[in-house]
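A.B. asks: Input file: model-v9.cif. Contents: mmCIF, C-alpha atoms.
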data_model
#
loop_
_atom_site.label_atom_id
_atom_site.label_comp_id
_atom_site.auth_asym_id
_atom_site.auth_seq_id
_atom_site.Cartn_x
_atom_site.Cartn_y
_atom_site.Cartn_z
CA MET A 1273 64.24 -19.17 16.40
CA PRO A 1274 62.00 -16.23 17.36
CA ILE A 1275 63.00 -14.12 14.39
CA GLY A 1276 62.12 -16.83 12.00
CA PHE A 1277 58.81 -17.25 13.79
CA LEU A 1278 58.10 -13.51 13.52
CA SER A 1279 58.99 -13.46 9.85
CA ARG A 1280 56.59 -16.26 9.18
CA GLU A 1281 53.87 -14.27 10.97
CA VAL A 1282 54.58 -11.20 8.84
CA VAL A 1283 54.59 -13.28 5.68
CA HIS A 1284 51.30 -14.82 6.71
CA GLN A 1285 49.74 -11.44 7.47
CA THR A 1286 50.92 -10.02 4.17
CA ARG A 1287 49.36 -12.95 2.36
CA LEU A 1288 46.09 -12.42 4.20
CA HIS A 1289 46.18 -8.75 3.28
CA LEU A 1290 46.78 -9.60 -0.35
CA ASN A 1291 44.00 -12.16 -0.35
CA SER A 1292 41.38 -9.85 1.05
CA ALA A 1293 42.13 -6.65 -0.87
CA ALA A 1294 44.71 -6.78 -3.59
CA SER A 1295 44.51 -10.32 -4.97
CA PRO A 1296 43.37 -10.58 -8.57
CA PHE A 1297 41.19 -13.50 -7.40
CA GLN A 1298 37.85 -12.85 -5.71
CA THR A 1299 36.91 -14.41 -2.41
CA PRO A 1300 33.80 -16.64 -2.41
CA VAL A 1301 31.81 -13.79 -0.82
CA GLN A 1302 32.97 -11.34 -3.45
CA ARG A 1303 32.13 -13.83 -6.18
CA ARG A 1304 28.66 -14.34 -4.74
CA ASN A 1305 28.06 -10.59 -4.49
CA ALA A 1306 29.34 -9.94 -8.01
CA ARG A 1307 27.11 -12.68 -9.36
CA ALA A 1308 24.08 -11.29 -7.52
CA ALA A 1309 24.84 -7.77 -8.79
CA LYS A 1310 25.06 -9.03 -12.38
CA ARG A 1311 21.86 -11.02 -12.02
CA ASP A 1312 20.10 -7.92 -10.62
CA ALA A 1313 21.37 -5.79 -13.50
CA VAL A 1314 20.02 -8.28 -16.04
CA LEU A 1315 16.65 -8.42 -14.29
CA ARG A 1316 16.37 -4.63 -14.04
CA ALA A 1317 17.23 -4.15 -17.72
CA ALA A 1318 14.83 -6.92 -18.75
CA VAL A 1319 11.88 -5.69 -16.68
CA GLN A 1320 12.28 -2.13 -17.92
CA MET A 1321 12.38 -3.27 -21.54
CA PHE A 1322 9.38 -5.59 -21.09
CA ASN A 1323 7.46 -2.65 -19.60
CA GLU A 1324 8.49 -0.21 -22.31
CA ARG A 1325 8.08 -2.39 -25.40
CA GLY A 1326 5.96 -5.32 -24.26
CA PHE A 1327 7.20 -8.84 -23.57
CA HIS A 1328 6.60 -10.18 -27.07
CA GLN A 1329 8.34 -7.22 -28.68
CA THR A 1330 11.48 -7.66 -26.54
CA SER A 1331 14.10 -10.33 -27.26
CA LEU A 1332 16.88 -11.39 -24.91
CA ASP A 1333 19.22 -10.09 -27.63
CA ASP A 1334 17.75 -6.61 -26.99
CA VAL A 1335 18.32 -6.97 -23.25
CA ALA A 1336 21.88 -8.23 -23.82
CA ALA A 1337 22.57 -5.33 -26.19
CA ARG A 1338 21.38 -2.76 -23.63
CA LEU A 1339 23.73 -4.25 -21.02
CA GLY A 1340 26.59 -4.66 -23.48
CA VAL A 1341 26.82 -8.40 -22.81
CA SER A 1342 26.13 -11.51 -24.88
CA LYS A 1343 22.87 -13.45 -24.91
CA PRO A 1344 24.58 -16.54 -23.39
CA THR A 1345 25.51 -14.33 -20.42
CA ILE A 1346 21.82 -13.74 -19.78
CA TYR A 1347 21.08 -17.45 -20.14
CA HIS A 1348 23.87 -18.09 -17.64
CA TYR A 1349 22.38 -15.80 -14.98
CA LEU A 1350 18.66 -16.32 -15.51
CA GLY A 1351 17.79 -18.85 -18.19
CA ASN A 1352 15.48 -18.38 -21.17
CA LYS A 1353 13.06 -15.51 -21.81
CA ASP A 1354 10.16 -17.24 -20.07
CA GLN A 1355 12.34 -17.77 -16.97
CA VAL A 1356 13.44 -14.14 -17.03
CA LEU A 1357 9.81 -12.98 -17.16
CA LEU A 1358 8.78 -15.40 -14.40
CA GLU A 1359 11.60 -14.06 -12.20
CA CYS A 1360 10.53 -10.45 -12.87
CA VAL A 1361 6.88 -11.03 -11.97
CA THR A 1362 7.86 -13.15 -8.97
CA ILE A 1363 9.89 -10.27 -7.53
CA GLY A 1364 6.90 -7.92 -7.98
CA LEU A 1365 4.46 -10.41 -6.47
CA ASN A 1366 6.74 -11.06 -3.50
CA GLN A 1367 6.86 -7.32 -2.82
CA LEU A 1368 3.05 -7.32 -2.75
CA ILE A 1369 2.89 -10.39 -0.50
CA GLU A 1370 5.39 -8.80 1.90
CA ALA A 1371 3.29 -5.61 1.99
CA ALA A 1372 0.21 -7.68 2.86
CA GLU A 1373 2.06 -9.44 5.69
CA THR A 1374 3.39 -6.18 7.11
CA SER A 1375 -0.07 -4.59 7.07
CA HIS A 1376 -1.63 -7.68 8.58
CA GLN A 1377 0.70 -7.44 11.58
CA SER A 1378 0.20 -3.67 12.06
CA PRO A 1379 -1.91 -2.14 14.83
CA GLY A 1380 -5.14 -0.21 14.09
CA THR A 1381 -8.57 -1.08 12.77
CA GLY A 1382 -9.17 -3.41 9.87
CA ALA A 1383 -9.87 -0.43 7.60
CA GLU A 1384 -6.59 1.21 8.65
CA ARG A 1385 -4.61 -1.97 7.98
CA LEU A 1386 -6.35 -2.38 4.63
CA ALA A 1387 -5.60 1.24 3.69
CA ALA A 1388 -1.93 0.79 4.64
CA PHE A 1389 -1.74 -2.29 2.44
CA LEU A 1390 -3.51 -0.55 -0.45
CA GLN A 1391 -1.09 2.36 -0.23
CA ARG A 1392 1.92 0.04 -0.65
CA TYR A 1393 0.07 -2.07 -3.21
CA ALA A 1394 -0.47 0.96 -5.46
CA GLU A 1395 3.10 2.20 -4.98
CA ILE A 1396 4.55 -1.20 -5.94
CA ASN A 1397 2.36 -1.23 -9.06
CA MET A 1398 4.01 2.02 -10.17
CA ASP A 1399 7.50 0.49 -9.69
CA ASP A 1400 9.35 -1.67 -12.28
CA PHE A 1401 8.53 -5.17 -11.04
CA GLY A 1402 4.96 -4.41 -9.95
CA ARG A 1403 4.32 -2.79 -13.34
CA CYS A 1404 5.54 -5.97 -14.99
CA VAL A 1405 3.12 -8.10 -12.92
CA ASN A 1406 0.25 -6.01 -14.25
CA ARG A 1407 1.45 -5.82 -17.82
CA THR A 1408 1.93 -9.57 -18.09
CA PRO A 1409 -1.13 -11.50 -19.26
CA ASP A 1410 -1.20 -15.09 -17.98
CA GLU A 1411 -0.92 -16.35 -21.56
CA ALA A 1412 2.51 -14.73 -21.99
CA LEU A 1413 4.05 -17.38 -19.71
CA CYS A 1414 4.51 -21.05 -20.51
CA PRO A 1415 2.05 -23.40 -18.74
CA GLU A 1416 4.29 -24.26 -15.74
CA SER A 1417 5.34 -20.65 -15.14
CA ARG A 1418 1.73 -19.58 -15.56
CA THR A 1419 0.64 -21.89 -12.74
CA GLN A 1420 3.28 -20.37 -10.45
CA PHE A 1421 2.25 -16.82 -11.51
CA ARG A 1422 -1.41 -17.56 -10.79
CA THR A 1423 -0.65 -19.17 -7.43
CA LEU A 1424 1.20 -16.07 -6.23
CA LYS A 1425 -1.56 -13.75 -7.51
CA ARG A 1426 -4.15 -15.83 -5.70
CA GLN A 1427 -2.12 -15.47 -2.50
CA ILE A 1428 -2.38 -11.68 -2.76
CA ASP A 1429 -6.09 -11.83 -3.48
CA THR A 1430 -6.58 -14.07 -0.43
CA ALA A 1431 -4.55 -11.68 1.75
CA MET A 1432 -6.62 -8.72 0.56
CA ARG A 1433 -9.88 -10.52 1.25
CA GLY A 1434 -8.58 -11.44 4.71
CA LEU A 1435 -7.88 -7.79 5.54
CA ILE A 1436 -11.36 -6.85 4.27
CA GLU A 1437 -13.03 -9.54 6.39
CA GLU A 1438 -11.21 -8.32 9.49
CA GLY A 1439 -12.41 -4.78 8.79
CA ILE A 1440 -16.00 -5.91 8.30
CA ALA A 1441 -15.76 -7.91 11.54
CA ASP A 1442 -14.55 -4.92 13.60
CA GLY A 1443 -17.05 -2.56 11.93
CA SER A 1444 -14.45 -0.33 10.28
CA ILE A 1445 -15.38 -1.54 6.76
CA ALA A 1446 -18.96 -1.36 5.43
CA PRO A 1447 -20.56 -4.82 5.19
CA THR A 1448 -20.18 -6.11 1.62
CA ASP A 1449 -19.08 -9.14 -0.41
CA PRO A 1450 -15.30 -9.29 0.32
CA LYS A 1451 -14.64 -10.86 -3.08
CA MET A 1452 -16.32 -8.03 -4.99
CA LEU A 1453 -14.62 -5.37 -2.87
CA ALA A 1454 -11.23 -7.03 -3.36
CA PHE A 1455 -11.77 -7.04 -7.14
CA THR A 1456 -12.82 -3.38 -7.08
CA LEU A 1457 -9.78 -2.30 -5.07
CA ALA A 1458 -7.32 -4.45 -7.01
CA GLY A 1459 -8.61 -3.20 -10.35
CA ALA A 1460 -8.41 0.45 -9.38
CA LEU A 1461 -4.90 0.03 -7.95
CA ASN A 1462 -3.52 -2.22 -10.68
CA TRP A 1463 -4.45 0.37 -13.28
CA PRO A 1464 -1.63 2.83 -12.44
CA ALA A 1465 0.77 0.15 -13.74
CA ARG A 1466 -0.57 1.20 -17.15
CA TRP A 1467 -1.06 4.96 -16.86
CA TYR A 1468 1.57 6.12 -14.34
CA GLU A 1469 4.44 8.04 -15.92
CA ALA A 1470 7.58 8.69 -13.92
CA SER A 1471 7.87 12.06 -15.69
CA GLY A 1472 4.53 13.23 -14.19
CA SER A 1473 4.27 15.90 -11.51
CA GLN A 1474 3.09 13.57 -8.71
CA SER A 1475 5.06 10.85 -6.93
CA PRO A 1476 3.71 7.29 -6.68
CA GLU A 1477 3.22 7.93 -2.95
CA GLN A 1478 1.02 11.00 -3.64
CA ILE A 1479 -0.97 9.25 -6.36
CA ALA A 1480 -1.54 6.18 -4.20
CA ARG A 1481 -2.79 8.36 -1.34
CA GLN A 1482 -5.48 9.96 -3.53
CA LEU A 1483 -6.62 6.66 -5.03
CA VAL A 1484 -6.94 4.98 -1.64
CA ALA A 1485 -8.90 7.96 -0.27
CA LEU A 1486 -11.31 7.85 -3.24
CA LEU A 1487 -11.87 4.11 -2.74
CA GLY A 1488 -12.41 4.57 1.00
CA HIS A 1489 -14.88 7.44 0.74
CA GLY A 1490 -16.58 6.85 -2.64
CA PHE A 1491 -17.56 9.52 -5.13
CA ILE A 1492 -20.98 10.26 -3.61
CA PRO A 1493 -20.68 13.08 -1.04
CA ARG A 1494 -20.91 12.09 2.64
CA MET B 1193 -55.61 -11.83 -78.35
CA PRO B 1194 -56.64 -11.63 -74.69
CA ILE B 1195 -55.39 -15.09 -73.91
CA GLY B 1196 -51.93 -14.27 -75.23
CA PHE B 1197 -51.90 -11.09 -73.14
CA LEU B 1198 -52.86 -13.00 -70.00
CA SER B 1199 -50.17 -15.59 -70.59
CA ARG B 1200 -47.53 -12.87 -70.91
CA GLU B 1201 -48.71 -11.44 -67.57
CA VAL B 1202 -48.37 -14.84 -65.90
CA VAL B 1203 -44.92 -15.35 -67.39
CA HIS B 1204 -43.84 -11.91 -66.16
CA GLN B 1205 -45.15 -12.55 -62.64
CA THR B 1206 -43.41 -15.89 -62.52
CA ARG B 1207 -40.13 -14.25 -63.51
CA LEU B 1208 -40.49 -11.63 -60.81
CA HIS B 1209 -41.15 -14.32 -58.27
CA LEU B 1210 -38.04 -16.18 -59.36
CA ASN B 1211 -35.92 -13.05 -59.18
CA SER B 1212 -36.89 -12.14 -55.65
CA ALA B 1213 -36.87 -15.56 -54.00
CA ALA B 1214 -35.71 -18.49 -56.05
CA SER B 1215 -32.96 -17.04 -58.27
CA PRO B 1216 -29.52 -18.60 -57.77
CA PHE B 1217 -28.16 -15.01 -57.95
CA GLN B 1218 -28.35 -12.72 -54.93
CA THR B 1219 -29.74 -9.20 -55.09
CA PRO B 1220 -27.32 -6.38 -54.17
CA VAL B 1221 -29.01 -6.11 -50.76
CA GLN B 1222 -28.68 -9.84 -50.14
CA ARG B 1223 -25.04 -9.69 -51.18
CA ARG B 1224 -24.38 -6.82 -48.80
CA ASN B 1225 -26.13 -8.62 -45.92
CA ALA B 1226 -24.32 -11.88 -46.58
CA ARG B 1227 -20.99 -10.08 -46.71
CA ALA B 1228 -21.76 -8.26 -43.44
CA ALA B 1229 -22.81 -11.53 -41.78
CA LYS B 1230 -19.57 -13.22 -42.87
CA ARG B 1231 -17.48 -10.27 -41.70
CA ASP B 1232 -19.29 -10.36 -38.31
CA ALA B 1233 -18.68 -14.10 -37.99
CA VAL B 1234 -14.96 -13.62 -38.64
CA LEU B 1235 -14.76 -10.79 -36.11
CA ARG B 1236 -16.65 -12.73 -33.44
CA ALA B 1237 -14.45 -15.81 -33.88
CA ALA B 1238 -11.29 -13.69 -33.87
CA VAL B 1239 -12.19 -11.66 -30.78
CA GLN B 1240 -13.12 -14.77 -28.81
CA MET B 1241 -9.85 -16.49 -29.73
CA PHE B 1242 -7.78 -13.39 -28.92
CA ASN B 1243 -9.50 -13.23 -25.52
CA GLU B 1244 -9.05 -16.94 -24.80
CA ARG B 1245 -5.49 -17.44 -25.98
CA GLY B 1246 -4.02 -13.97 -26.21
CA PHE B 1247 -3.39 -12.03 -29.42
CA HIS B 1248 0.17 -13.22 -29.92
CA GLN B 1249 -0.78 -16.85 -29.38
CA THR B 1250 -3.56 -16.70 -32.01
CA SER B 1251 -2.87 -16.84 -35.74
CA LEU B 1252 -5.34 -16.02 -38.50
CA ASP B 1253 -4.92 -19.67 -39.52
CA ASP B 1254 -6.44 -20.63 -36.13
CA VAL B 1255 -9.36 -18.25 -36.69
CA ALA B 1256 -9.87 -19.57 -40.23
CA ALA B 1257 -9.78 -23.16 -38.96
CA ARG B 1258 -12.44 -22.45 -36.32
CA LEU B 1259 -14.73 -21.01 -38.99
CA GLY B 1260 -13.89 -23.74 -41.51
CA VAL B 1261 -12.70 -21.19 -44.07
CA SER B 1262 -9.33 -20.36 -45.63
CA LYS B 1263 -6.95 -17.67 -44.39
CA PRO B 1264 -7.36 -15.67 -47.65
CA THR B 1265 -11.09 -15.49 -46.86
CA ILE B 1266 -10.25 -13.66 -43.64
CA TYR B 1267 -7.87 -11.34 -45.48
CA HIS B 1268 -10.67 -10.68 -47.96
CA TYR B 1269 -13.16 -9.61 -45.28
CA LEU B 1270 -10.89 -7.86 -42.80
CA GLY B 1271 -7.24 -7.68 -43.83
CA ASN B 1272 -4.20 -8.78 -41.85
CA LYS B 1273 -4.05 -9.74 -38.18
CA ASP B 1274 -3.29 -6.20 -37.03
CA GLN B 1275 -6.33 -4.92 -38.94
CA VAL B 1276 -8.52 -7.64 -37.44
CA LEU B 1277 -7.41 -6.66 -33.93
CA LEU B 1278 -7.90 -2.95 -34.63
CA GLU B 1279 -11.43 -3.67 -35.88
CA CYS B 1280 -12.20 -5.73 -32.74
CA VAL B 1281 -11.03 -3.06 -30.31
CA THR B 1282 -12.72 -0.32 -32.35
CA ILE B 1283 -16.08 -2.08 -32.00
CA GLY B 1284 -15.58 -2.31 -28.22
CA LEU B 1285 -14.47 1.30 -27.92
CA ASN B 1286 -17.40 2.51 -30.01
CA GLN B 1287 -19.78 0.68 -27.67
CA LEU B 1288 -18.19 2.55 -24.74
CA ILE B 1289 -18.37 5.91 -26.56
CA GLU B 1290 -22.03 5.32 -27.39
CA ALA B 1291 -22.72 4.50 -23.72
CA ALA B 1292 -21.05 7.77 -22.67
CA GLU B 1293 -23.17 9.75 -25.15
CA THR B 1294 -26.41 8.10 -24.04
CA SER B 1295 -25.64 8.79 -20.36
CA HIS B 1296 -24.63 12.34 -21.12
CA GLN B 1297 -28.04 13.03 -22.67
CA SER B 1298 -29.98 11.35 -19.84
CA PRO B 1299 -31.92 13.24 -17.17
CA GLY B 1300 -30.91 13.17 -13.49
CA THR B 1301 -27.98 14.48 -11.45
CA GLY B 1302 -24.38 14.25 -12.58
CA ALA B 1303 -23.79 11.36 -10.17
CA GLU B 1304 -26.80 9.51 -11.59
CA ARG B 1305 -25.64 10.02 -15.18
CA LEU B 1306 -22.12 8.91 -14.19
CA ALA B 1307 -23.47 5.80 -12.44
CA ALA B 1308 -25.57 4.92 -15.52
CA PHE B 1309 -22.48 5.23 -17.71
CA LEU B 1310 -20.36 3.17 -15.30
CA GLN B 1311 -22.98 0.43 -15.28
CA ARG B 1312 -22.85 0.10 -19.09
CA TYR B 1313 -19.07 0.56 -19.09
CA ALA B 1314 -18.59 -2.41 -16.78
CA GLU B 1315 -21.11 -4.55 -18.69
CA ILE B 1316 -19.36 -3.86 -22.02
CA ASN B 1317 -16.02 -4.81 -20.45
CA MET B 1318 -17.45 -8.24 -19.63
CA ASP B 1319 -18.58 -8.69 -23.27
CA ASP B 1320 -16.38 -9.97 -26.14
CA PHE B 1321 -15.27 -6.71 -27.75
CA GLY B 1322 -14.91 -4.75 -24.51
CA ARG B 1323 -12.84 -7.59 -23.06
CA CYS B 1324 -10.58 -7.36 -26.09
CA VAL B 1325 -10.08 -3.60 -25.57
CA ASN B 1326 -8.83 -4.32 -22.06
CA ARG B 1327 -6.73 -7.32 -22.95
CA THR B 1328 -4.92 -5.51 -25.75
CA PRO B 1329 -1.79 -3.66 -24.68
CA ASP B 1330 -1.00 -0.67 -26.93
CA GLU B 1331 2.22 -2.38 -28.04
CA ALA B 1332 0.29 -5.26 -29.62
CA LEU B 1333 -0.83 -2.96 -32.45
CA CYS B 1334 1.35 -1.52 -35.21
CA PRO B 1335 2.18 2.19 -34.79
CA GLU B 1336 -0.65 3.58 -36.97
CA SER B 1337 -3.31 1.33 -35.44
CA ARG B 1338 -1.93 2.14 -32.00
CA THR B 1339 -2.50 5.86 -32.60
CA GLN B 1340 -6.12 5.19 -33.55
CA PHE B 1341 -6.58 2.90 -30.51
CA ARG B 1342 -5.21 5.56 -28.16
CA THR B 1343 -7.31 8.32 -29.71
CA LEU B 1344 -10.52 6.37 -29.09
CA LYS B 1345 -9.46 5.48 -25.52
CA ARG B 1346 -8.71 9.13 -24.85
CA GLN B 1347 -12.20 10.02 -26.08
CA ILE B 1348 -13.73 7.73 -23.44
CA ASP B 1349 -11.50 9.14 -20.72
CA THR B 1350 -12.54 12.68 -21.72
CA ALA B 1351 -16.22 11.69 -21.67
CA MET B 1352 -15.85 10.16 -18.20
CA ARG B 1353 -14.09 13.23 -16.86
CA GLY B 1354 -16.85 15.39 -18.38
CA LEU B 1355 -19.54 13.43 -16.52
CA ILE B 1356 -17.52 13.72 -13.29
CA GLU B 1357 -17.11 17.49 -13.70
CA GLU B 1358 -20.85 17.91 -14.22
CA GLY B 1359 -21.50 15.94 -11.03
CA ILE B 1360 -19.03 18.00 -9.03
CA ALA B 1361 -20.63 21.17 -10.43
CA ASP B 1362 -24.16 20.17 -9.37
CA GLY B 1363 -22.94 18.87 -5.98
CA SER B 1364 -23.89 15.23 -6.56
CA ILE B 1365 -20.23 14.11 -6.71
CA ALA B 1366 -17.76 14.86 -3.92
CA PRO B 1367 -15.20 17.52 -4.94
CA THR B 1368 -12.03 15.81 -6.15
CA ASP B 1369 -9.52 15.76 -9.01
CA PRO B 1370 -11.63 14.50 -11.97
CA LYS B 1371 -8.56 12.92 -13.57
CA MET B 1372 -7.75 10.81 -10.50
CA LEU B 1373 -11.38 9.79 -10.03
CA ALA B 1374 -11.67 8.84 -13.71
CA PHE B 1375 -8.56 6.65 -13.39
CA THR B 1376 -9.90 5.02 -10.22
CA LEU B 1377 -13.28 4.22 -11.79
CA ALA B 1378 -11.84 3.07 -15.11
CA GLY B 1379 -9.32 0.79 -13.40
CA ALA B 1380 -11.92 -0.84 -11.16
CA LEU B 1381 -14.32 -1.36 -14.06
CA ASN B 1382 -11.76 -2.46 -16.66
CA TRP B 1383 -10.61 -5.23 -14.34
CA PRO B 1384 -13.67 -7.50 -14.87
CA ALA B 1385 -12.43 -7.89 -18.46
CA ARG B 1386 -9.75 -10.09 -16.84
CA TRP B 1387 -11.57 -11.87 -14.04
CA TYR B 1388 -15.18 -12.20 -15.24
CA GLU B 1389 -16.14 -15.73 -16.23
CA ALA B 1390 -19.35 -16.33 -18.15
CA SER B 1391 -19.74 -19.60 -16.23
CA GLY B 1392 -19.99 -17.73 -12.90
CA SER B 1393 -23.21 -17.45 -10.90
CA GLN B 1394 -23.72 -13.70 -11.42
CA SER B 1395 -24.61 -11.88 -14.63
CA PRO B 1396 -22.51 -8.95 -15.91
CA GLU B 1397 -25.45 -6.68 -15.02
CA GLN B 1398 -25.43 -7.90 -11.38
CA ILE B 1399 -21.66 -7.67 -11.06
CA ALA B 1400 -21.59 -4.18 -12.56
CA ARG B 1401 -24.28 -3.01 -10.12
CA GLN B 1402 -22.20 -4.09 -7.11
CA LEU B 1403 -18.97 -2.57 -8.40
CA VAL B 1404 -20.62 0.78 -9.16
CA ALA B 1405 -22.25 0.85 -5.69
CA LEU B 1406 -18.89 0.15 -4.01
CA LEU B 1407 -17.24 2.95 -5.98
CA GLY B 1408 -20.07 5.35 -5.18
CA HIS B 1409 -20.17 4.67 -1.44
CA GLY B 1410 -16.57 3.67 -0.62
CA PHE B 1411 -15.52 0.94 1.80
CA ILE B 1412 -15.57 3.13 4.93
CA PRO B 1413 -19.02 2.97 6.57
CA ARG B 1414 -21.25 6.05 6.20
#
Translate this file's structure into structure tokens.
C.D. replies:
Amino acid sequence: MPIGFLSREVVHQTRLHLNSAASPFQTPVQRRNARAAKRDAVLRAAVQMFNERGFHQTSLDDVAARLGVSKPTIYHYLGNKDQVLLECVTIGLNQLIEAAETSHQSPGTGAERLAAFLQRYAEINMDDFGRCVNRTPDEALCPESRTQFRTLKRQIDTAMRGLIEEGIADGSIAPTDPKMLAFTLAGALNWPARWYEASGSQSPEQIARQLVALLGHGFIPR
Amino acid sequence: MPIGFLSREVVHQTRLHLNSAASPFQTPVQRRNARAAKRDAVLRAAVQMFNERGFHQTSLDDVAARLGVSKPTIYHYLGNKDQVLLECVTIGLNQLIEAAETSHQSPGTGAERLAAFLQRYAEINMDDFGRCVNRTPDEALCPESRTQFRTLKRQIDTAMRGLIEEGIADGSIAPTDPKMLAFTLAGALNWPARWYEASGSQSPEQIARQLVALLGHGFIPR
């Protein structure tokens, strides 16, 4: 019965078409994407409110209200306020760690690789999640989250010292105590997380470029 | 009656002696000094606890308990928690302002005066009240106190930019945007308020000297 066979094919194809585009039910992939998009929206709203008002002055009710959802929705996607904060700072710290890895694998002298890392480091600190890393004192997190926060921060410090040591070894960075230089650079480039204003006339990229040049050349004329 | 006269003299002298040293009642000066000493003790305990635990994690009950006094005693000397914090950061900021004024009136080139200020600036940031200035986000204070906090911080920023401009004018500082250089220096030298540990092997004076040298000379070899 070829006709019957064909009809079944058509029916099958129609069903497939319905499933992938017009069904009121989402596919597993769609569900996963929708969930990820909602989670991202919660994180973005939370990090911006923490940065604007301070962590202690922001409740998850405030975040829920801004998104027009209920507080249990936030719990569902991210957990309690401490977990939301930990997730925000972890995103920022992972951006910094990634920047360190990219610079470490780049060609050029040690000083050039360090400068490339510092450029990204400063830019990230002027962005939502990097700002949050810098505006979050260790004490704001509960003891377990704090340990995780500190471990990631230490990883970045280690990466920065590594880049400095490579530069000293190849002669492109002036001999100095890598620990003290890392603290100096980190301090100067964490600071924009506090003073940078998106409404200003210069982009994060332009600001970062000036800061890195000042740190490279020093304020005493050459 | 010479004997009677002499006795009256002795009685009078004895009274005077009692008044100035052995009276159970304090003189106005003694009262003022005792009050100042108690106020200082409260401030020192409060600032150290804010720095150790964070402002939000410290209650005035904790401060009172450390001093072995009651919470109303703290209210009596300093007011509520916001007022205690404002007083702590004001002391730190006044130390920084004083350092700027002293450097401004010193002899030497602009770069030398700037370096002298930066040295003190970094040292103060490793001391109790300066640490508190750096560990206090604006949002921790109530709106009126916040305005006062920001006004004092702006004063220090203005003083630093002034010293930079003088150095650029006399050629001892490399031509640059004074605002960006001030941010770079402040960031690098505020940072020790977070990482400095009194138990470390180097003194604040030694650490400050290295940081200022790195900022003056830059990490690229000369």
A.B. asks: Using all atoms listed in the file and a distance of at most 9 Å, pull out the residues of chain B that contact chain A, as a ChimeraX atom specification.
C.D. replies: /B:1244-1246,1248-1249,1303,1327,1329-1332,1363-1369,1372-1373,1375-1384,1387,1399,1402-1403,1405-1414
A.B. asks: Find the residue from A:Met1398, A:Met1321, A:Met1432, A:Ala1441 that sits nearest to Val1335 in chain A; use only C-alpha atoms when measuring.
C.D. replies: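 Of A:Met1398, A:Met1321, A:Met1432, A:Ala1441, the one nearest Val1335 in chain A, counting only C-alpha atoms, is A:Met1321.
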A.B. asks: Which of these residues is nearest to Glu1389 in chain B, using all atoms listed in the file: B:Leu1270, B:Thr1301, B:Asp1232, B:Arg1323?
C.D. replies: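 Among the listed residues, B:Arg1323 lies closest to Glu1389 in chain B.
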A.B. asks: Pick out the closest residue to Arg1353 in chain B from this set: B:Pro1220, B:Pro1335, B:Pro1370, B:Pro1299. Count all atoms listed in the file.
C.D. replies: B:Pro1370
A.B. asks: As an exercise, work out the distance from CA of Arg1392 in chain A to CA of Arg1481 in chain A in Å and give it to one decimal place.
C.D. replies: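 One can read the CA of Arg1392 in chain A to CA of Arg1481 in chain A distance as 9.6 Å.
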A.B. asks: Taking the file above as input, evaluate the PyMOL selection byres ((chain B and resi 1283-1297) around 7) and report the hits as a VMD selection string.
C.D. replies: chain B and resid 1279 to 1282 1298 to 1299 1305 1308 to 1309 1312 to 1313 1321 to 1322 1325 1344 to 1345 1348 1351 1355
A.B. asks: For range 1477-1487 of chain A, I'd like the enclosing box, axis-aligned and padded by 5 Å on every side, reported as JSON with centre and edge lengths in Å to one decimal.
C.D. replies:
{"center_x": -4.3, "center_y": 7.6, "center_z": -3.3, "size_x": 25.1, "size_y": 16.9, "size_z": 16.1}
A.B. asks: Can you tell me which residues surround Lys1273 in chain B at a distance of at most 12 Å, considering only C-alpha atoms, apart from same-chain residues fewer than 2 positions away, and format the answer as a ChimeraX atom specification?
C.D. replies: /B:1234-1235,1238-1239,1242,1247-1256,1263-1264,1266-1271,1275-1280,1332-1334,1337
A.B. asks: To one decimal place, how far is CA of Cys1324 in chain B from CA of Ala1385 in chain B in Å?
C.D. replies: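 Separation between CA of Cys1324 in chain B and CA of Ala1385 in chain B: 7.9 Å.
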A.B. asks: Interatomic distance between CA of Glu1477 in chain A and CA of Lys1371 in chain B?
C.D. replies: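 Atom-to-atom, CA of Glu1477 in chain A and CA of Lys1371 in chain B are spaced 16.6 Å apart.
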